[in-house]
Structures are given as structure tokens and as C-alpha cells.
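Below: input.cif (mmCIF, C-alpha atoms and all ligand atoms)
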```cif
data_my_file
#
loop_
_atom_site.group_PDB
_atom_site.id
_atom_site.type_symbol
_atom_site.label_atom_id
_atom_site.label_comp_id
_atom_site.auth_asym_id
_atom_site.auth_seq_id
_atom_site.Cartn_x
_atom_site.Cartn_y
_atom_site.Cartn_z
ATOM 1 C CA MET N 587 32.714 7.452 -4.212
ATOM 2 C CA GLY N 588 29.072 7.564 -5.214
ATOM 3 C CA LEU N 589 25.921 8.754 -3.505
ATOM 4 C CA ALA N 590 24.174 7.056 -0.573
ATOM 5 C CA ILE N 591 21.641 4.498 -1.788
ATOM 6 C CA PRO N 592 18.097 4.916 -0.409
ATOM 7 C CA GLY N 593 17.060 2.445 2.288
ATOM 8 C CA SER N 594 13.900 1.192 0.583
ATOM 9 C CA LEU N 595 11.722 1.343 -2.479
ATOM 10 C CA THR N 596 8.131 2.603 -2.401
ATOM 11 C CA PRO N 597 5.537 3.091 -5.153
ATOM 12 C CA SER N 598 6.125 6.859 -5.063
ATOM 13 C CA LYS N 599 9.902 6.416 -5.398
ATOM 14 C CA VAL N 600 9.384 4.076 -8.365
ATOM 15 C CA ALA N 601 7.105 6.637 -10.027
ATOM 16 C CA ALA N 602 9.479 9.523 -9.213
ATOM 17 C CA PHE N 603 12.521 7.724 -10.650
ATOM 18 C CA LYS N 604 10.634 6.826 -13.813
ATOM 19 C CA ASP N 605 9.306 10.395 -14.197
ATOM 20 C CA CYS N 606 12.735 12.051 -13.857
ATOM 21 C CA ALA N 607 15.862 10.516 -12.346
ATOM 22 C CA LEU N 608 17.369 13.907 -11.510
ATOM 23 C CA ALA N 609 14.271 15.088 -9.620
ATOM 24 C CA PHE N 610 14.342 11.741 -7.797
ATOM 25 C CA ARG N 611 17.933 12.414 -6.764
ATOM 26 C CA PHE N 612 17.120 15.911 -5.496
ATOM 27 C CA SER N 613 14.166 14.617 -3.488
ATOM 28 C CA VAL N 614 15.252 11.176 -2.242
ATOM 29 C CA ILE N 615 19.065 11.273 -2.212
ATOM 30 C CA ASP N 616 19.811 14.953 -1.527
ATOM 31 C CA ARG N 617 16.599 15.406 0.457
ATOM 32 C CA LEU N 618 16.097 18.932 -0.777
ATOM 33 C CA PRO N 619 12.934 20.473 0.631
ATOM 34 C CA GLU N 620 10.103 20.984 -1.841
ATOM 35 C CA PRO N 621 7.733 23.925 -1.659
ATOM 36 C CA PRO N 622 4.369 22.959 -0.120
ATOM 37 C CA SER N 623 1.667 22.199 -2.653
ATOM 38 C CA THR N 624 -1.989 23.152 -2.279
ATOM 39 C CA GLN N 625 -2.955 20.155 -4.409
ATOM 40 C CA ALA N 626 -0.992 17.709 -2.265
ATOM 41 C CA PHE N 627 -2.353 19.264 0.930
ATOM 42 C CA LYS N 628 -5.908 18.931 -0.387
ATOM 43 C CA GLY N 629 -5.226 15.268 -1.023
ATOM 44 C CA THR N 630 -4.044 14.843 2.569
ATOM 45 C CA VAL N 631 -7.173 16.524 3.959
ATOM 46 C CA VAL N 632 -9.540 14.431 1.808
ATOM 47 C CA HIS N 633 -7.711 11.186 2.653
ATOM 48 C CA ARG N 634 -8.023 12.018 6.359
ATOM 49 C CA ALA N 635 -11.747 12.810 5.998
ATOM 50 C CA LEU N 636 -12.399 9.464 4.294
ATOM 51 C CA GLU N 637 -10.344 7.653 6.898
ATOM 52 C CA LEU N 638 -12.457 9.255 9.656
ATOM 53 C CA LEU N 639 -15.620 8.258 7.777
ATOM 54 C CA MET N 640 -14.559 4.602 7.853
ATOM 55 C CA TRP N 641 -13.660 4.523 11.544
ATOM 56 C CA GLU N 642 -15.911 7.103 13.219
ATOM 57 C CA GLN N 643 -19.123 5.997 11.545
ATOM 58 C CA PRO N 644 -20.195 2.334 11.530
ATOM 59 C CA GLN N 645 -21.689 0.771 8.412
ATOM 60 C CA GLY N 646 -25.186 2.141 7.909
ATOM 61 C CA ARG N 647 -24.269 5.631 9.157
ATOM 62 C CA ARG N 648 -21.673 6.706 6.606
ATOM 63 C CA THR N 649 -23.701 9.502 5.069
ATOM 64 C CA LEU N 650 -22.581 12.408 2.912
ATOM 65 C CA ALA N 651 -23.379 14.799 5.779
ATOM 66 C CA ALA N 652 -21.095 12.782 8.084
ATOM 67 C CA ALA N 653 -18.331 12.772 5.449
ATOM 68 C CA LEU N 654 -18.522 16.539 4.960
ATOM 69 C CA ALA N 655 -18.410 17.039 8.745
ATOM 70 C CA ASN N 656 -15.308 14.816 8.781
ATOM 71 C CA LEU N 657 -13.793 16.993 6.091
ATOM 72 C CA ASP N 658 -14.319 20.090 8.253
ATOM 73 C CA ARG N 659 -12.664 18.260 11.129
ATOM 74 C CA ALA N 660 -9.731 17.056 9.010
ATOM 75 C CA PHE N 661 -9.173 20.556 7.641
ATOM 76 C CA ALA N 662 -9.257 22.077 11.146
ATOM 77 C CA GLU N 663 -6.737 19.437 12.319
ATOM 78 C CA LEU N 664 -4.303 19.959 9.457
ATOM 79 C CA VAL N 665 -4.541 23.614 8.473
ATOM 80 C CA THR N 666 -2.577 24.758 11.502
ATOM 81 C CA GLY N 667 0.183 22.182 10.895
ATOM 82 C CA PRO N 668 3.454 23.053 9.146
ATOM 83 C CA GLU N 669 2.197 22.488 5.593
ATOM 84 C CA GLY N 670 -1.200 24.136 6.118
ATOM 85 C CA SER N 671 0.375 27.139 7.835
ATOM 86 C CA ALA N 672 2.946 27.561 5.069
ATOM 87 C CA LEU N 673 0.165 27.564 2.474
ATOM 88 C CA GLY N 674 -1.957 30.042 4.469
ATOM 89 C CA LEU N 675 -5.222 28.261 3.725
ATOM 90 C CA GLU N 676 -7.126 29.047 6.905
ATOM 91 C CA GLY N 677 -10.560 30.404 5.951
ATOM 92 C CA ASP N 678 -9.973 29.702 2.230
ATOM 93 C CA ALA N 679 -13.559 29.067 1.068
ATOM 94 C CA GLU N 680 -12.517 28.063 -2.454
ATOM 95 C CA PHE N 681 -10.173 25.374 -1.115
ATOM 96 C CA ILE N 682 -12.859 23.970 1.186
ATOM 97 C CA GLU N 683 -15.530 23.974 -1.516
ATOM 98 C CA ASP N 684 -13.260 22.071 -3.910
ATOM 99 C CA ALA N 685 -12.436 19.528 -1.186
ATOM 100 C CA TYR N 686 -16.200 19.124 -0.511
ATOM 101 C CA GLU N 687 -16.618 18.423 -4.225
ATOM 102 C CA LEU N 688 -14.054 15.615 -4.064
ATOM 103 C CA VAL N 689 -15.875 14.054 -1.110
ATOM 104 C CA ARG N 690 -19.239 14.336 -2.902
ATOM 105 C CA ASN N 691 -17.664 12.637 -5.923
ATOM 106 C CA TYR N 692 -16.492 9.799 -3.697
ATOM 107 C CA PHE N 693 -20.137 8.967 -3.021
ATOM 108 C CA VAL N 694 -20.711 8.670 -6.771
ATOM 109 C CA LEU N 695 -18.068 5.930 -6.946
ATOM 110 C CA GLU N 696 -19.230 3.703 -4.118
ATOM 111 C CA ASP N 697 -21.583 3.354 -1.190
ATOM 112 C CA PRO N 698 -19.325 3.659 1.878
ATOM 113 C CA ASP N 699 -21.838 1.670 3.920
ATOM 114 C CA SER N 700 -20.928 -1.368 1.813
ATOM 115 C CA VAL N 701 -17.223 -1.188 2.722
ATOM 116 C CA ARG N 702 -15.997 -3.753 5.288
ATOM 117 C CA VAL N 703 -12.849 -1.869 6.161
ATOM 118 C CA ILE N 704 -10.101 -3.668 8.092
ATOM 119 C CA GLY N 705 -7.344 -1.093 7.838
ATOM 120 C CA THR N 706 -6.492 2.411 6.651
ATOM 121 C CA GLU N 707 -3.139 4.103 6.128
ATOM 122 C CA LEU N 708 -1.421 0.764 6.651
ATOM 123 C CA LEU N 709 2.346 0.775 6.501
ATOM 124 C CA MET N 710 3.652 -2.539 5.164
ATOM 125 C CA GLN N 711 7.164 -3.577 4.330
ATOM 126 C CA ALA N 712 8.848 -6.707 3.103
ATOM 127 C CA ASP N 713 12.398 -7.662 2.223
ATOM 128 C CA ILE N 714 12.990 -9.588 -0.963
ATOM 129 C CA GLY N 715 16.126 -11.186 -2.329
ATOM 130 C CA PHE N 716 17.861 -8.858 -4.740
ATOM 131 C CA ARG N 717 19.772 -10.378 -7.652
ATOM 132 C CA PRO N 718 21.631 -7.686 -9.558
ATOM 133 C CA GLY N 719 21.776 -8.345 -13.314
ATOM 134 C CA LEU N 720 24.929 -10.030 -14.622
ATOM 135 C CA ARG N 721 26.955 -12.298 -12.376
ATOM 136 C CA ASP N 722 29.610 -13.557 -14.773
ATOM 137 C CA GLY N 723 32.012 -10.648 -14.258
ATOM 138 C CA SER N 724 31.469 -9.330 -17.785
ATOM 139 C CA ASP N 725 29.974 -6.164 -16.342
ATOM 140 C CA GLN N 726 32.869 -5.608 -13.937
ATOM 141 C CA GLY N 727 33.434 -1.908 -13.447
ATOM 142 C CA THR N 728 30.044 -0.941 -14.755
ATOM 143 C CA ARG N 729 27.928 -2.049 -11.826
ATOM 144 C CA PRO N 730 28.080 -1.361 -8.106
ATOM 145 C CA PRO N 731 28.645 -4.255 -5.704
ATOM 146 C CA PRO N 732 25.515 -6.342 -5.058
ATOM 147 C CA GLU N 733 23.359 -6.040 -1.943
ATOM 148 C CA ALA N 734 21.581 -8.984 -0.380
ATOM 149 C CA THR N 735 18.055 -7.645 -0.021
ATOM 150 C CA LEU N 736 15.699 -5.018 -1.283
ATOM 151 C CA ARG N 737 13.210 -3.524 1.165
ATOM 152 C CA LEU N 738 9.819 -2.661 -0.299
ATOM 153 C CA ARG N 739 7.517 -0.373 1.651
ATOM 154 C CA GLY N 740 4.126 1.138 1.056
ATOM 155 C CA ILE N 741 1.222 2.801 2.847
ATOM 156 C CA ILE N 742 -2.130 1.382 1.777
ATOM 157 C CA ASP N 743 -4.974 3.897 1.862
ATOM 158 C CA ARG N 744 -7.600 1.277 2.618
ATOM 159 C CA LEU N 745 -7.731 -2.502 3.004
ATOM 160 C CA GLU N 746 -11.123 -4.185 3.122
ATOM 161 C CA LEU N 747 -12.934 -7.493 2.768
ATOM 162 C CA ASP N 748 -15.345 -8.257 -0.053
ATOM 163 C CA ASP N 749 -18.527 -10.319 0.365
ATOM 164 C CA ASP N 750 -16.492 -13.548 0.209
ATOM 165 C CA GLY N 751 -14.057 -12.386 2.878
ATOM 166 C CA GLU N 752 -11.269 -11.762 0.355
ATOM 167 C CA LEU N 753 -8.888 -8.799 0.507
ATOM 168 C CA VAL N 754 -9.407 -5.683 -1.609
ATOM 169 C CA VAL N 755 -6.906 -2.799 -1.816
ATOM 170 C CA THR N 756 -8.235 0.716 -2.465
ATOM 171 C CA ASP N 757 -6.197 3.822 -3.237
ATOM 172 C CA TYR N 758 -7.789 7.290 -3.386
ATOM 173 C CA LYS N 759 -6.512 9.777 -5.960
ATOM 174 C CA THR N 760 -7.395 13.449 -5.855
ATOM 175 C CA GLY N 761 -5.525 14.548 -8.981
ATOM 176 C CA ARG N 762 -6.626 14.064 -12.576
ATOM 177 C CA ALA N 763 -7.210 10.492 -13.765
ATOM 178 C CA PRO N 764 -4.694 9.242 -16.352
ATOM 179 C CA GLY N 765 -5.570 8.831 -20.009
ATOM 180 C CA GLU N 766 -6.366 5.340 -21.242
ATOM 181 C CA ALA N 767 -2.774 4.854 -22.412
ATOM 182 C CA GLN N 768 -1.376 5.478 -18.910
ATOM 183 C CA GLU N 769 -4.061 3.528 -17.031
ATOM 184 C CA GLN N 770 -2.055 0.335 -16.601
ATOM 185 C CA ALA N 771 1.085 2.237 -15.586
ATOM 186 C CA ARG N 772 -0.863 4.091 -12.885
ATOM 187 C CA LEU N 773 -2.077 0.783 -11.488
ATOM 188 C CA GLY N 774 1.546 -0.037 -10.668
ATOM 189 C CA GLY N 775 1.159 1.450 -7.187
ATOM 190 C CA VAL N 776 -1.801 -0.725 -6.214
ATOM 191 C CA HIS N 777 -0.140 -3.819 -7.673
ATOM 192 C CA PHE N 778 2.812 -2.939 -5.425
ATOM 193 C CA TYR N 779 0.417 -2.985 -2.439
ATOM 194 C CA ALA N 780 -1.024 -6.330 -3.582
ATOM 195 C CA PHE N 781 2.524 -7.677 -3.651
ATOM 196 C CA LEU N 782 3.117 -6.433 -0.083
ATOM 197 C CA CYS N 783 -0.145 -8.051 1.136
ATOM 198 C CA ASP N 784 0.944 -11.298 -0.483
ATOM 199 C CA LYS N 785 4.371 -11.182 1.197
ATOM 200 C CA VAL N 786 3.411 -9.789 4.616
ATOM 201 C CA LEU N 787 -0.060 -11.252 5.189
ATOM 202 C CA GLY N 788 0.319 -14.364 3.035
ATOM 203 C CA ARG N 789 -2.873 -13.481 1.169
ATOM 204 C CA ARG N 790 -3.138 -11.959 -2.245
ATOM 205 C CA PRO N 791 -5.944 -9.412 -2.698
ATOM 206 C CA VAL N 792 -8.573 -10.464 -5.211
ATOM 207 C CA ARG N 793 -8.918 -6.887 -6.431
ATOM 208 C CA VAL N 794 -7.038 -3.596 -6.417
ATOM 209 C CA GLN N 795 -8.681 -0.316 -7.330
ATOM 210 C CA LEU N 796 -7.941 3.351 -7.801
ATOM 211 C CA LEU N 797 -10.772 5.742 -6.939
ATOM 212 C CA HIS N 798 -10.146 8.982 -8.838
ATOM 213 C CA LEU N 799 -12.289 11.491 -7.015
ATOM 214 C CA ARG N 800 -11.851 14.398 -9.427
ATOM 215 C CA GLU N 801 -13.669 12.919 -12.447
ATOM 216 C CA PRO N 802 -14.961 10.751 -10.663
ATOM 217 C CA THR N 803 -13.875 7.395 -12.052
ATOM 218 C CA ALA N 804 -12.751 4.012 -10.722
ATOM 219 C CA ILE N 805 -10.018 1.866 -12.267
ATOM 220 C CA GLY N 806 -9.567 -1.698 -11.077
ATOM 221 C CA ALA N 807 -7.477 -4.791 -11.722
ATOM 222 C CA VAL N 808 -7.200 -8.369 -10.526
ATOM 223 C CA PRO N 809 -3.743 -9.317 -9.206
ATOM 224 C CA SER N 810 -2.415 -12.560 -10.662
ATOM 225 C CA ASP N 811 0.678 -14.771 -10.403
ATOM 226 C CA GLN N 812 1.944 -12.879 -13.428
ATOM 227 C CA SER N 813 1.341 -9.386 -11.974
ATOM 228 C CA ILE N 814 2.959 -10.345 -8.647
ATOM 229 C CA ALA N 815 6.024 -11.799 -10.399
ATOM 230 C CA GLY N 816 6.129 -8.820 -12.772
ATOM 231 C CA LEU N 817 6.067 -6.395 -9.852
ATOM 232 C CA GLU N 818 9.064 -8.106 -8.278
ATOM 233 C CA LEU N 819 10.961 -8.039 -11.569
ATOM 234 C CA GLN N 820 10.149 -4.388 -12.150
ATOM 235 C CA ALA N 821 11.066 -3.399 -8.601
ATOM 236 C CA THR N 822 14.445 -5.117 -8.799
ATOM 237 C CA ALA N 823 15.140 -3.573 -12.216
ATOM 238 C CA ILE N 824 14.359 -0.070 -10.897
ATOM 239 C CA TRP N 825 16.425 -0.742 -7.779
ATOM 240 C CA ASP N 826 19.338 -1.883 -9.927
ATOM 241 C CA ALA N 827 19.063 1.310 -11.980
ATOM 242 C CA ILE N 828 18.933 3.470 -8.817
ATOM 243 C CA ARG N 829 21.959 1.729 -7.326
ATOM 244 C CA ARG N 830 23.909 2.195 -10.530
ATOM 245 C CA ALA N 831 22.894 5.857 -10.743
ATOM 246 C CA CYS N 832 24.066 6.357 -7.133
ATOM 247 C CA TYR N 833 27.306 4.493 -7.732
ATOM 248 C CA PHE N 834 28.201 6.522 -10.799
ATOM 249 C CA GLU N 835 26.472 9.731 -9.581
ATOM 250 C CA ASP N 836 24.603 9.732 -12.853
ATOM 251 C CA PHE N 837 20.999 10.922 -12.499
ATOM 252 C CA ARG N 838 19.784 12.396 -15.771
ATOM 253 C CA PRO N 839 17.093 15.043 -16.205
ATOM 254 C CA LYS N 840 14.017 14.101 -18.191
ATOM 255 C CA PRO N 841 12.376 17.366 -19.220
ATOM 256 C CA GLY N 842 8.670 17.143 -19.996
ATOM 257 C CA PRO N 843 5.270 17.852 -18.494
ATOM 258 C CA VAL N 844 6.567 16.654 -15.110
ATOM 259 C CA CYS N 845 8.721 19.827 -14.940
ATOM 260 C CA ASP N 846 5.555 21.903 -14.412
ATOM 261 C CA ARG N 847 5.132 20.478 -10.920
ATOM 262 C CA CYS N 848 8.842 20.088 -10.101
ATOM 263 C CA GLY N 849 10.153 22.216 -7.250
ATOM 264 C CA PHE N 850 13.844 21.889 -8.222
ATOM 265 C CA HIS N 851 14.185 24.280 -11.179
ATOM 266 C CA ALA N 852 16.906 26.245 -9.356
ATOM 267 C CA TYR N 853 19.175 23.165 -9.422
ATOM 268 C CA CYS N 854 18.219 21.547 -12.734
ATOM 269 C CA PRO N 855 20.507 22.275 -15.708
ATOM 270 C CA ALA N 856 17.778 21.172 -18.141
ATOM 271 C CA VAL N 857 15.721 24.255 -17.249
ATOM 272 C CA GLY N 858 18.577 26.710 -16.652
ATOM 273 C CA GLY N 859 19.319 25.815 -13.014
ATOM 274 C CA ASN N 860 22.701 25.129 -11.448
ATOM 275 C CA ILE N 861 23.306 21.718 -9.908
ATOM 276 C CA SER N 862 26.367 22.970 -8.011
ATOM 277 C CA LEU N 863 23.954 24.937 -5.800
ATOM 278 C CA VAL N 864 22.767 21.667 -4.192
ATOM 279 C CA PRO N 865 23.950 21.932 -0.581
ATOM 280 C CA ALA N 866 26.594 19.261 0.102
ATOM 281 C CA ALA N 867 25.400 18.838 3.693
ATOM 282 C CA GLN N 868 21.978 17.656 2.516
ATOM 283 C CA ALA N 869 23.470 14.667 0.701
ATOM 284 C CA ALA N 870 25.829 13.846 3.560
ATOM 285 C CA ALA N 871 22.912 13.724 6.006
ATOM 286 C CA GLN N 872 21.418 10.785 4.144
ATOM 287 C CA GLY N 873 23.578 8.133 5.808
ATOM 288 C CA PRO N 874 24.552 4.767 4.404
ATOM 289 C CA PHE N 875 22.456 2.185 2.655
ATOM 290 C CA ALA N 876 20.061 0.879 5.263
ATOM 291 C CA CYS N 877 18.986 -2.560 4.055
ATOM 292 C CA GLY N 878 20.289 -5.294 6.279
ATOM 293 C CA PRO N 879 19.873 -9.019 5.920
ATOM 294 C CA SER N 880 16.382 -10.262 5.288
ATOM 295 C CA GLU N 881 14.261 -10.314 8.379
ATOM 296 C CA ALA N 882 10.626 -10.928 9.150
ATOM 297 C CA VAL N 883 9.005 -7.515 9.128
ATOM 298 C CA PRO N 884 5.532 -7.651 10.618
ATOM 299 C CA LEU N 885 2.617 -5.519 9.608
ATOM 300 C CA ASP N 886 2.987 -2.081 11.131
ATOM 301 C CA VAL N 887 -0.515 -0.842 11.884
ATOM 302 C CA ARG N 888 -0.739 2.932 12.097
ATOM 303 C CA ALA N 889 -4.464 2.968 12.851
ATOM 304 C CA PRO N 890 -4.617 1.723 16.448
ATOM 305 C CA ARG N 891 -8.296 0.845 16.116
ATOM 306 C CA LEU N 892 -7.541 -1.735 13.490
ATOM 307 C CA PRO N 893 -9.108 -5.140 14.233
ATOM 308 C CA LEU N 894 -7.131 -6.573 11.343
ATOM 309 C CA VAL N 895 -6.729 -10.227 12.188
ATOM 310 C CA ALA N 896 -9.935 -10.464 14.227
ATOM 311 C CA ALA N 897 -11.929 -9.368 11.179
ATOM 312 C CA TRP N 898 -10.895 -12.394 9.105
HETATM 313 S S1 LIG S 1 12.843 20.524 -13.911
HETATM 314 FE FE1 LIG S 1 12.182 18.734 -15.095
HETATM 315 S S2 LIG S 1 14.049 17.784 -15.859
HETATM 316 FE FE2 LIG S 1 14.628 19.182 -14.216
HETATM 317 S S3 LIG S 1 14.677 17.898 -12.351
HETATM 318 FE FE3 LIG S 1 12.647 18.808 -12.466
HETATM 319 S S4 LIG S 1 11.396 17.269 -13.558
HETATM 320 FE FE4 LIG S 1 13.547 16.770 -13.930
#
```
What is this file in C-alpha cells?
Ligand code: SF4
Amino acid sequence: MGLAIPGSLTPSKVAAFKDCALAFRFSVIDRLPEPPSTQAFKGTVVHRALELLMWEQPQGRRTLAAALANLDRAFAELVTGPEGSALGLEGDAEFIEDAYELVRNYFVLEDPDSVRVIGTELLMQADIGFRPGLRDGSDQGTRPPPEATLRLRGIIDRLELDDDGELVVTDYKTGRAPGEAQEQARLGGVHFYAFLCDKVLGRRPVRVQLLHLREPTAIGAVPSDQSIAGLELQATAIWDAIRRACYFEDFRPKPGPVCDRCGFHAYCPAVGGNISLVPAAQAAAQGPFACGPSEAVPLDVRAPRLPLVAAW
């Protein structure tokens, strides 16, 4: 019968599937809740503080003092929410001091007064034609039936204009920067965003960059015809693999360093867990595959202050 296929592909789903297909299944297909993470919550608070810095202070007034005040405000906003409450971080001086450090490091990477921001936390989605591998019937019985489209979605941390009025995509990272060997792989997420800009806005960014606030260090790349085409190929290959895994209910564990931050040990046979403990109702709640025929999906702006088109 198979498992319900997810409705869309995002950079985080791509990364999760590549890291460990079984953890991907638990999270995306079965929708098992994961324990709240202090690290992830800190990332949310810092992202919110930097978003406030871009919108609450005009260029010329984006000082470190203003950014730290925004951090206090972001923390106060979020710490009483479900995740903050579950973590019990109210009044945690060590947490706040470390978050301050990340914001200070941001100022080492760039001068925020130089940023001509046109959008933050932008949700974009685009449907692309999906051509599953073999079509000659030789794979009959080994592949699920084809679907017409693949929906790609992503939330861009920050979209801005450079001095020439060209688009630049910026993604903040609050965890450790990757080693040199993984650098290109980690840029996959921002190339994904460049692809979405190209499809949705009809303009390819001239630069994508990751700002790693912990080190601090910046990693950038220039999207090209090749990277855009490669992203589409990679996305369809991953989607094909996910669809097959759902069809055959075959998501394999991939034990490794990723297990240290995995919240599904109780269900994972690779680390002594029991997969039969996965509640059946969770999987049933997923619903059917959600991608319909290709349709024009406009930019969904989550920041209501965004003067996106007017700024061009
Ligand atoms: S414990 Fe490791 S192998 Fe098992 S699901 Fe989690 S990441 Fe995958």
C-alpha cells in the first residue's frame, strides 16, 4: 500500500533525507514530535533579532546596541511560546549571553547598514515538471506511478539588492560551520533558494551566501546556468528516491554522527529502538500526496512590510 508521499520538497527535507532516510520518515512521513532543542531555539531567537534589525532600524541606524536590544525583544517574545516554555529558558543568563555573542559575531561578517533588504523570512514555492527515471517499462514493478509535478518550497532568511540592483540571497547559520569538504554540500540550501527566485521572480540572484555566526565565517557562491540546472536534477532525483521509499515502505537507517542529534532513538532499530512503537495514527494523519497540476504560485510574503517590487 505504501506510505503517503510528502506534499513538497524543501532544502531541509533534502538535507534530512540525505542525512538519514529513516529519520526523515519519522519526521516528515510519520510526523513524530521531536524534543525541543536549545540550539534550534537559539537559532530562532537570533534570526528574529536580525530580522527586527533590518526592518525596525533604517540604514545608518543598525548599530550593535540596537541589535542587542532586538535580541532581548525577540527572546521576550519567544521564550513564553510553546518551545521556549518547554525548554524552561526564562532568565537563563548563559543562553542569553551566547545569543549576544552570535549577534556580535554577525557584525564581524558585515556592516548591516550596507544591506538593502527587500525581504526577510520569505516563503517561496514553485512547481516543476517531474520526470521519473525510466519510461520504457523496464522498471515496471520497481517504481511507483509517476506524478505530474514536484512542488519546491523554501523560506529565505533575507533577500537584498546589491549596489547594481541585483538580487542577493543570505542565509544565517547559528550552528558550527562545515569543514572545507562539506562546504559545497552546505551551499545546496542557498542554491535551492536561488532556483526559487529564478522560477518565481524571473530573476536569478547574482550571489548566495551563508553567514555562519558561530565562527564567524561567510561562505558564498555565484549561481549559474549549471547550478540552477543541477539543482533541478538533484531535486527530482531526491524526490524520485523519496517516492520509491514511500511506495515500498523502505526507509533505511544511516547511523553516524547525525544520530547524536536525532530525537528518534526509541524507534530506530539501528540504535536499539523498536520501529513497531511508531504510532499508526501519526502516519494516517498525513493525508494523500498533495501536489496537483502545475499552477502559478505567486510569492507569498510573510513580512507585511515588504516593499518587494517597489524596491526594484
Ligand atoms: S538514530 Fe541515527 S540511524 Fe537511527 S533514525 Fe536517527 S539518525 Fe537515523
When the PyMOL selection byres (((not hetatm)) within 7 of (chain S and resi 1)) is applied to the file above, which residues end up in the set, as a tab-separated table (two decimals) with C-alpha atoms, in the frame of the given file?
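So out.tsv came out as:
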```
chain	number	residue	atom	x	y	z
N	606	CYS	CA	12.74	12.05	-13.86
N	607	ALA	CA	15.86	10.52	-12.35
N	608	LEU	CA	17.37	13.91	-11.51
N	609	ALA	CA	14.27	15.09	-9.62
N	839	PRO	CA	17.09	15.04	-16.20
N	840	LYS	CA	14.02	14.10	-18.19
N	841	PRO	CA	12.38	17.37	-19.22
N	842	GLY	CA	8.67	17.14	-20.00
N	844	VAL	CA	6.57	16.65	-15.11
N	845	CYS	CA	8.72	19.83	-14.94
N	848	CYS	CA	8.84	20.09	-10.10
N	849	GLY	CA	10.15	22.22	-7.25
N	850	PHE	CA	13.84	21.89	-8.22
N	851	HIS	CA	14.18	24.28	-11.18
N	854	CYS	CA	18.22	21.55	-12.73
N	855	PRO	CA	20.51	22.28	-15.71
N	856	ALA	CA	17.78	21.17	-18.14
N	857	VAL	CA	15.72	24.26	-17.25
```
I'd like the residues picked by the PyMOL selection byres (((chain N and resi 667-682) around 10) and not hetatm) written out as a ChimeraX atom specification, using the chain letters and numbers from the file. /N:621-628,631,657-658,661-666,683-688
Target residues per the PyMOL selection byres (((chain N and resi 819) around 12) and not hetatm), formatted as an NGL selection string: :N and (714-719 or 736 or 778 or 781 or 812-818 or 820-826)
Save the residues we just selected, C-alpha atoms, as an mmCIF file, keeping the file's coordinate frame?
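And here is the file that came out, selection.cif:
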```cif
data_model
loop_
_atom_site.group_PDB
_atom_site.id
_atom_site.type_symbol
_atom_site.label_atom_id
_atom_site.label_comp_id
_atom_site.auth_asym_id
_atom_site.auth_seq_id
_atom_site.Cartn_x
_atom_site.Cartn_y
_atom_site.Cartn_z
ATOM 1 C CA ILE N 714 12.990 -9.588 -0.963
ATOM 2 C CA GLY N 715 16.126 -11.186 -2.329
ATOM 3 C CA PHE N 716 17.861 -8.858 -4.740
ATOM 4 C CA ARG N 717 19.772 -10.378 -7.652
ATOM 5 C CA PRO N 718 21.631 -7.686 -9.558
ATOM 6 C CA GLY N 719 21.776 -8.345 -13.314
ATOM 7 C CA LEU N 736 15.699 -5.018 -1.283
ATOM 8 C CA PHE N 778 2.812 -2.939 -5.425
ATOM 9 C CA PHE N 781 2.524 -7.677 -3.651
ATOM 10 C CA GLN N 812 1.944 -12.879 -13.428
ATOM 11 C CA SER N 813 1.341 -9.386 -11.974
ATOM 12 C CA ILE N 814 2.959 -10.345 -8.647
ATOM 13 C CA ALA N 815 6.024 -11.799 -10.399
ATOM 14 C CA GLY N 816 6.129 -8.820 -12.772
ATOM 15 C CA LEU N 817 6.067 -6.395 -9.852
ATOM 16 C CA GLU N 818 9.064 -8.106 -8.278
ATOM 17 C CA GLN N 820 10.149 -4.388 -12.150
ATOM 18 C CA ALA N 821 11.066 -3.399 -8.601
ATOM 19 C CA THR N 822 14.445 -5.117 -8.799
ATOM 20 C CA ALA N 823 15.140 -3.573 -12.216
ATOM 21 C CA ILE N 824 14.359 -0.070 -10.897
ATOM 22 C CA TRP N 825 16.425 -0.742 -7.779
ATOM 23 C CA ASP N 826 19.338 -1.883 -9.927
#
```
For a test of reading the model, state the distance in Å between atom CA of N:Met640 and atom CA of N:Glu801, rounded to one decimal.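 Distance reported for this atom pair: 22.0 Å.
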Closest atom pairs, residues of stretch 767-844 of chain N within 12 Å of stretch 697-709 of chain N, only C-alpha atoms, as a tab-separated table:
```
residue	atom	partner	partner_atom	distance
N:Tyr779	CA	N:Leu709	CA	9.9
N:Leu782	CA	N:Leu709	CA	9.8
N:Cys783	CA	N:Leu708	CA	10.5
N:Val786	CA	N:Leu709	CA	10.8
```
What gap, in Å, lies between atom CA of N:Pro802 and atom CA of N:Tyr692?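 A separation of 7.2 Å between them.
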Between atom CA of N:Leu863 and atom CA of N:Ala831 - distance in Å to one decimal: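 Spanning atom CA of N:Ala831 to atom CA of N:Leu863 is a straight-line distance of 19.7 Å.
Considering all atoms listed in the file, the residue among N:Met710, N:Leu745, N:Leu695, N:Ala827 positioned nearest to N:Ile805 is N:Leu695.
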Kindly provide, as JSON, the centre and edge lengths (Å, one decimal) of an axis-aligned box around all atoms of stretch 683-693 of chain N given in the file, with 5 Å on each side.
```
{"center_x": -16.3, "center_y": 16.5, "center_z": -3.2, "size_x": 17.7, "size_y": 25.0, "size_z": 15.4}
```
Surrounding residues of stretch 610-614 of chain N excluding itself and chain neighbours under 5 positions, 8 Å, all atoms listed in the file, as a ChimeraX atom specification: /N:592,599,602-603,619-620,837,850
Mind checking which residues fall within 10 Å of N:Glu696, counting all atoms listed in the file, ignoring those fewer than 5 positions away in the same chain, and posting them as a ChimeraX atom specification? /N:691,701,797,804
I'd like the neighbourhood of N:Ala660 as a list in words, where a residue qualifies if any of its atoms comes within 9 Å (using all atoms listed in the file), though same-chain residues fewer than 4 positions away should be ignored.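 The filter keeps Thr630, Val631, Val632, His633, Arg634, Ala635, Leu638, Ala655, Asn656, Leu664 and Val665 of chain N.
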